[in-house]
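Asker: I'd like to ask some things about the structure below.
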Amino acid sequence: MLGMVIFSQVGRKLTDRLKELLPDVEIVALPTSGPVDASLRGDVLLSQTWGSDNIVDVIERGVRWVHVLGTGVDRFPFDRVGDCTVTCSRGASAIPIAEYVLAAMLAYEKRIPQIWMDRQPPQWFGDRLGGLYKRTLGLVGLGAIGMAVAQRALAFEMTVLATRRSDSPSPLPGVAITSLDDMAARADHLVVAASATAETAGIIGEALFARMKPGMHLINVARGSLVDQDALRRALDAGVVAHATLDTMQPEPLPDGHWMYADPRISLTPHVSWSMPGAVELLIEKFVRNVERRRRGEPLQDAVDRDRGY
C-alpha cells in the first residue's frame, strides 16, 4: 500500500515526528473536534486513547485501520469506529512502569523519603529498614508490564507469583502462576497490572482484601477501576494494607479534597508511571512498525480484541 494516507489526531509535535519517521507517507494532521474536509480521504487514523469528538467523521473518510497511541484502551470509543481494525502500542510503556514499581517497593521498604535528614536525628544506627530480598511479589496480570516487573524483581531475589488470563504456564522462569486468592494471602507487595475490562472492575475489593496478608503494600499501575477505593480505605484502617502506592485512581483527575490526598498511608502520583526519556518515541515506534507491516502486506501486530476490551 504505497499510496497510504495517515490521518493524525495526536498533536503537532507527534505528527511532525511521525513525518520524520515516515518521510514517504502522506500524513495529514486533523483537529480533534469540528467538521472534517469532505474531500479528504485516508486509510489510517492515529488517535489518542480517548479518541476524538469528530472521530466518526474521520472514519467516514475511508479509514479502515485505527491505531491508538497508548496501551490502555478502556476509554476508547469502539462503538464509533465501525468495523475498523484497531491496534494499540501495547507493551511500549513496560520498562518505565516496571521501574516505577521497583522504585515504589524500594521507597516503601527503605522508608524513603522519611529517613532523609535535615537535622541531627535522636539517634544514629537505630532505624530498621525493610528490603526486597526474599519478599514475595504478587502480579495481577502477566502481560508486558507484569513481565517487565517480574524480570527486575527476580534480580532482587524476590519470590514472584502471578495471575494470568490463560491457563498457560509462565513464560518467565522463576515466576509461579497461581490463583488471585492464593497470591493475596502470600504477597508482601501486590502489583495491579491487568487490563481494565468489565471482568476486572473492582477485582481488588472487599473479598480479596479479607484474604490479604496483613501489612502488605498495594501498587496500582493499571486503572483505578480495578481497585474498590472504599474497600481499600477499610483495609487500611484494619491494618491489612499498610500502604498503597497509586499511580491511577478513580476518577482521574482526582478532585480536590478527596480523602486519599490527605491519607499518609497512600502515595499518589498523577498517572506518570509510563514516563521516561524517550517514552513517547517508544509509543510511536510501535505504530511505525505496523505501518511497515501493512505496506508489506503482513498482519498487523497488537490488535485489540473488542470483545475482551484489550
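By order of appearance in the C-alpha cells: chains A, B, ..., then residues from 1 within every chain, and ligands from 1 in the order shown.
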Hey, what's within 9 Å of A:Leu246 if we count only C-alpha atoms and toss same-chain stuff fewer than 6 positions away? As a PyMOL selection string, please?

Answerer: chain A and resi 218-221+224+266-271

Asker: Leaving out stretch 136-149 of chain A and any residue of its chain fewer than 5 positions from it, which residues lie within 8 Å of it when counting only C-alpha atoms, given as a PyMOL selection string?

Answerer: chain A and resi 90-91+93-95+97-99+101-102+158-165+172+180+183-184+186-195

Asker: Take the selection from the previous step and output its residues with C-alpha atoms, as a PDB file, in the first residue's frame.

Answerer:
```
ATOM      1  CA  ARG A  90       0.802  -2.495  23.720  1.00  0.00           C
ATOM      2  CA  GLY A  91       3.879  -3.029  25.853  1.00  0.00           C
ATOM      3  CA  SER A  93       5.492   1.572  28.378  1.00  0.00           C
ATOM      4  CA  ALA A  94       6.522  -1.628  30.153  1.00  0.00           C
ATOM      5  CA  ILE A  95      10.057  -0.504  31.000  1.00  0.00           C
ATOM      6  CA  ILE A  97       6.258   1.352  34.525  1.00  0.00           C
ATOM      7  CA  ALA A  98       8.352  -1.556  35.793  1.00  0.00           C
ATOM      8  CA  GLU A  99      10.989   0.885  37.026  1.00  0.00           C
ATOM      9  CA  VAL A 101       7.029  -0.278  40.523  1.00  0.00           C
ATOM     10  CA  LEU A 102      10.509  -1.204  41.752  1.00  0.00           C
ATOM     11  CA  MET A 158      12.120 -11.933  45.344  1.00  0.00           C
ATOM     12  CA  THR A 159       9.590 -14.751  45.179  1.00  0.00           C
ATOM     13  CA  VAL A 160       7.351 -13.832  42.250  1.00  0.00           C
ATOM     14  CA  LEU A 161       3.750 -15.008  41.910  1.00  0.00           C
ATOM     15  CA  ALA A 162       1.383 -14.033  39.109  1.00  0.00           C
ATOM     16  CA  THR A 163      -2.116 -14.490  37.789  1.00  0.00           C
ATOM     17  CA  ARG A 164      -2.880 -14.562  34.081  1.00  0.00           C
ATOM     18  CA  ARG A 165      -5.966 -14.849  31.916  1.00  0.00           C
ATOM     19  CA  LEU A 172       9.411 -16.469  32.503  1.00  0.00           C
ATOM     20  CA  LEU A 180      -5.664 -14.470  42.922  1.00  0.00           C
ATOM     21  CA  MET A 183      -1.424 -14.710  45.783  1.00  0.00           C
ATOM     22  CA  ALA A 184      -3.252 -12.220  48.016  1.00  0.00           C
ATOM     23  CA  ARG A 186       1.163 -14.585  50.351  1.00  0.00           C
ATOM     24  CA  ALA A 187       2.200 -11.290  48.734  1.00  0.00           C
ATOM     25  CA  ASP A 188       4.133  -8.626  50.623  1.00  0.00           C
ATOM     26  CA  HIS A 189       3.772  -6.352  47.585  1.00  0.00           C
ATOM     27  CA  LEU A 190       0.762  -6.743  45.273  1.00  0.00           C
ATOM     28  CA  VAL A 191       1.017  -5.017  41.882  1.00  0.00           C
ATOM     29  CA  VAL A 192      -2.116  -4.435  39.810  1.00  0.00           C
ATOM     30  CA  ALA A 193      -1.118  -4.596  36.141  1.00  0.00           C
ATOM     31  CA  ALA A 194      -4.145  -6.118  34.393  1.00  0.00           C
ATOM     32  CA  SER A 195      -6.276  -4.563  31.661  1.00  0.00           C
TER      33      SER A 195
END
```

Asker: Applying 12 Å and only C-alpha atoms, which residues near A:Val280 remain after dropping the ones on its own chain fewer than 3 positions away? List them as a ChimeraX atom specification.

Answerer: /A:10,13-15,17-18,69-71,89,92-93,96,274-277,283-287

Asker: Write a file of the just-selected residues containing N, CA and C atoms, as a PDB file, in the first residue's frame.

Answerer:
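Result saved to selection-v4.pdb:
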```
ATOM      1  N   VAL A  10      -2.950  13.348  16.994  1.00  0.00           N
ATOM      2  CA  VAL A  10      -2.146  13.230  18.219  1.00  0.00           C
ATOM      3  C   VAL A  10      -1.327  14.484  18.510  1.00  0.00           C
ATOM      4  N   LYS A  13       3.362  18.152  17.557  1.00  0.00           N
ATOM      5  CA  LYS A  13       4.707  17.666  17.824  1.00  0.00           C
ATOM      6  C   LYS A  13       4.861  16.197  17.421  1.00  0.00           C
ATOM      7  N   LEU A  14       3.909  15.366  17.803  1.00  0.00           N
ATOM      8  CA  LEU A  14       3.980  13.946  17.461  1.00  0.00           C
ATOM      9  C   LEU A  14       3.765  13.723  15.971  1.00  0.00           C
ATOM     10  N   THR A  15       2.911  14.536  15.375  1.00  0.00           N
ATOM     11  CA  THR A  15       2.685  14.411  13.931  1.00  0.00           C
ATOM     12  C   THR A  15       3.956  14.765  13.164  1.00  0.00           C
ATOM     13  N   ARG A  17       6.968  14.432  14.242  1.00  0.00           N
ATOM     14  CA  ARG A  17       7.907  13.326  14.436  1.00  0.00           C
ATOM     15  C   ARG A  17       7.557  12.149  13.543  1.00  0.00           C
ATOM     16  N   LEU A  18       6.279  11.912  13.373  1.00  0.00           N
ATOM     17  CA  LEU A  18       5.829  10.828  12.501  1.00  0.00           C
ATOM     18  C   LEU A  18       6.242  11.084  11.056  1.00  0.00           C
ATOM     19  N   LEU A  69      -2.616   5.428  20.271  1.00  0.00           N
ATOM     20  CA  LEU A  69      -1.271   5.721  20.753  1.00  0.00           C
ATOM     21  C   LEU A  69      -1.223   5.580  22.270  1.00  0.00           C
ATOM     22  N   GLY A  70      -1.244   4.339  22.729  1.00  0.00           N
ATOM     23  CA  GLY A  70      -1.204   4.049  24.148  1.00  0.00           C
ATOM     24  C   GLY A  70      -1.413   2.563  24.357  1.00  0.00           C
ATOM     25  N   THR A  71      -1.414   2.155  25.611  1.00  0.00           N
ATOM     26  CA  THR A  71      -1.595   0.744  25.942  1.00  0.00           C
ATOM     27  C   THR A  71      -3.016   0.458  26.406  1.00  0.00           C
ATOM     28  N   SER A  89      -0.427   0.551  21.105  1.00  0.00           N
ATOM     29  CA  SER A  89       1.017   0.477  21.375  1.00  0.00           C
ATOM     30  C   SER A  89       1.280  -0.390  22.598  1.00  0.00           C
ATOM     31  N   ALA A  92       4.621  -0.848  25.039  1.00  0.00           N
ATOM     32  CA  ALA A  92       5.633   0.185  24.812  1.00  0.00           C
ATOM     33  C   ALA A  92       6.053   0.888  26.095  1.00  0.00           C
ATOM     34  N   SER A  93       5.181   0.878  27.112  1.00  0.00           N
ATOM     35  CA  SER A  93       5.492   1.572  28.378  1.00  0.00           C
ATOM     36  C   SER A  93       5.937   0.621  29.476  1.00  0.00           C
ATOM     37  N   PRO A  96       9.391   1.787  31.667  1.00  0.00           N
ATOM     38  CA  PRO A  96       9.258   2.829  32.696  1.00  0.00           C
ATOM     39  C   PRO A  96       8.288   2.451  33.810  1.00  0.00           C
ATOM     40  N   TRP A 274       4.367   5.747  33.301  1.00  0.00           N
ATOM     41  CA  TRP A 274       4.805   5.441  31.934  1.00  0.00           C
ATOM     42  C   TRP A 274       5.949   6.334  31.473  1.00  0.00           C
ATOM     43  N   SER A 275       6.232   7.389  32.210  1.00  0.00           N
ATOM     44  CA  SER A 275       7.126   8.442  31.727  1.00  0.00           C
ATOM     45  C   SER A 275       8.598   8.109  31.938  1.00  0.00           C
ATOM     46  N   MET A 276       9.389   8.386  30.916  1.00  0.00           N
ATOM     47  CA  MET A 276      10.848   8.346  30.987  1.00  0.00           C
ATOM     48  C   MET A 276      11.361   8.994  29.705  1.00  0.00           C
ATOM     49  N   PRO A 277      12.640   9.340  29.627  1.00  0.00           N
ATOM     50  CA  PRO A 277      13.160   9.878  28.369  1.00  0.00           C
ATOM     51  C   PRO A 277      12.925   8.882  27.231  1.00  0.00           C
ATOM     52  N   LEU A 283       6.168   4.659  21.964  1.00  0.00           N
ATOM     53  CA  LEU A 283       4.768   4.533  21.538  1.00  0.00           C
ATOM     54  C   LEU A 283       4.647   4.716  20.029  1.00  0.00           C
ATOM     55  N   ILE A 284       5.327   5.714  19.510  1.00  0.00           N
ATOM     56  CA  ILE A 284       5.290   5.994  18.075  1.00  0.00           C
ATOM     57  C   ILE A 284       5.921   4.854  17.278  1.00  0.00           C
ATOM     58  N   GLU A 285       7.017   4.302  17.779  1.00  0.00           N
ATOM     59  CA  GLU A 285       7.723   3.242  17.056  1.00  0.00           C
ATOM     60  C   GLU A 285       6.838   2.014  16.851  1.00  0.00           C
ATOM     61  N   LYS A 286       5.987   1.731  17.816  1.00  0.00           N
ATOM     62  CA  LYS A 286       5.053   0.616  17.661  1.00  0.00           C
ATOM     63  C   LYS A 286       4.170   0.814  16.435  1.00  0.00           C
ATOM     64  N   PHE A 287       3.695   2.045  16.271  1.00  0.00           N
ATOM     65  CA  PHE A 287       2.838   2.359  15.122  1.00  0.00           C
ATOM     66  C   PHE A 287       3.626   2.293  13.828  1.00  0.00           C
TER      67      PHE A 287
END
```

Asker: Once DSSP has gone over the backbone, tell me which residues of stretch 74-241 of chain A are in strand (DSSP E), as a list in words.

Answerer: Thr85, Val86, Thr87, Cys88, Thr136, Leu137, Gly138, Leu139, Val140, Thr159, Val160, Leu161, Ala162, Thr163, Val175, Ala176, Ile177, His189, Leu190, Val191, Val192, Met216, His217, Leu218, Ile219, Asn220 and Val241 of chain A

Asker: Take the residues from that selection and put them in a file with C-alpha atoms, as a PDB file, in the first residue's frame.

Answerer:
```pdb
ATOM      1  CA  THR A  85      -9.234  -2.811  12.719  1.00  0.00           C
ATOM      2  CA  VAL A  86      -7.941  -1.263  15.948  1.00  0.00           C
ATOM      3  CA  THR A  87      -4.375  -1.689  17.202  1.00  0.00           C
ATOM      4  CA  CYS A  88      -2.520  -0.112  20.114  1.00  0.00           C
ATOM      5  CA  THR A 136       7.021 -12.090  47.900  1.00  0.00           C
ATOM      6  CA  LEU A 137       5.717 -10.112  44.936  1.00  0.00           C
ATOM      7  CA  GLY A 138       2.247 -10.727  43.537  1.00  0.00           C
ATOM      8  CA  LEU A 139       1.426  -9.639  39.996  1.00  0.00           C
ATOM      9  CA  VAL A 140      -2.200  -9.239  38.981  1.00  0.00           C
ATOM     10  CA  THR A 159       9.590 -14.751  45.179  1.00  0.00           C
ATOM     11  CA  VAL A 160       7.351 -13.832  42.250  1.00  0.00           C
ATOM     12  CA  LEU A 161       3.750 -15.008  41.910  1.00  0.00           C
ATOM     13  CA  ALA A 162       1.383 -14.033  39.109  1.00  0.00           C
ATOM     14  CA  THR A 163      -2.116 -14.490  37.789  1.00  0.00           C
ATOM     15  CA  VAL A 175       7.525 -16.855  38.109  1.00  0.00           C
ATOM     16  CA  ALA A 176       4.836 -19.111  39.587  1.00  0.00           C
ATOM     17  CA  ILE A 177       1.281 -18.898  38.234  1.00  0.00           C
ATOM     18  CA  HIS A 189       3.772  -6.352  47.585  1.00  0.00           C
ATOM     19  CA  LEU A 190       0.762  -6.743  45.273  1.00  0.00           C
ATOM     20  CA  VAL A 191       1.017  -5.017  41.882  1.00  0.00           C
ATOM     21  CA  VAL A 192      -2.116  -4.435  39.810  1.00  0.00           C
ATOM     22  CA  MET A 216       1.012  -5.704  52.697  1.00  0.00           C
ATOM     23  CA  HIS A 217       1.800  -2.972  50.162  1.00  0.00           C
ATOM     24  CA  LEU A 218      -0.610  -2.404  47.240  1.00  0.00           C
ATOM     25  CA  ILE A 219       0.599  -0.802  43.992  1.00  0.00           C
ATOM     26  CA  ASN A 220      -1.767   0.083  41.144  1.00  0.00           C
ATOM     27  CA  VAL A 241      -2.947  -2.824  53.787  1.00  0.00           C
TER      28      VAL A 241
END
```

Asker: Identify, with DSSP run on backbone atoms, the residues in stretch 142-292 of chain A assigned to helix (DSSP H, G or I), and express the list as number ranges by chain.

Answerer: A: 144-155, 180-186, 206-211, 224-226, 229-237, 259-262, 279-292
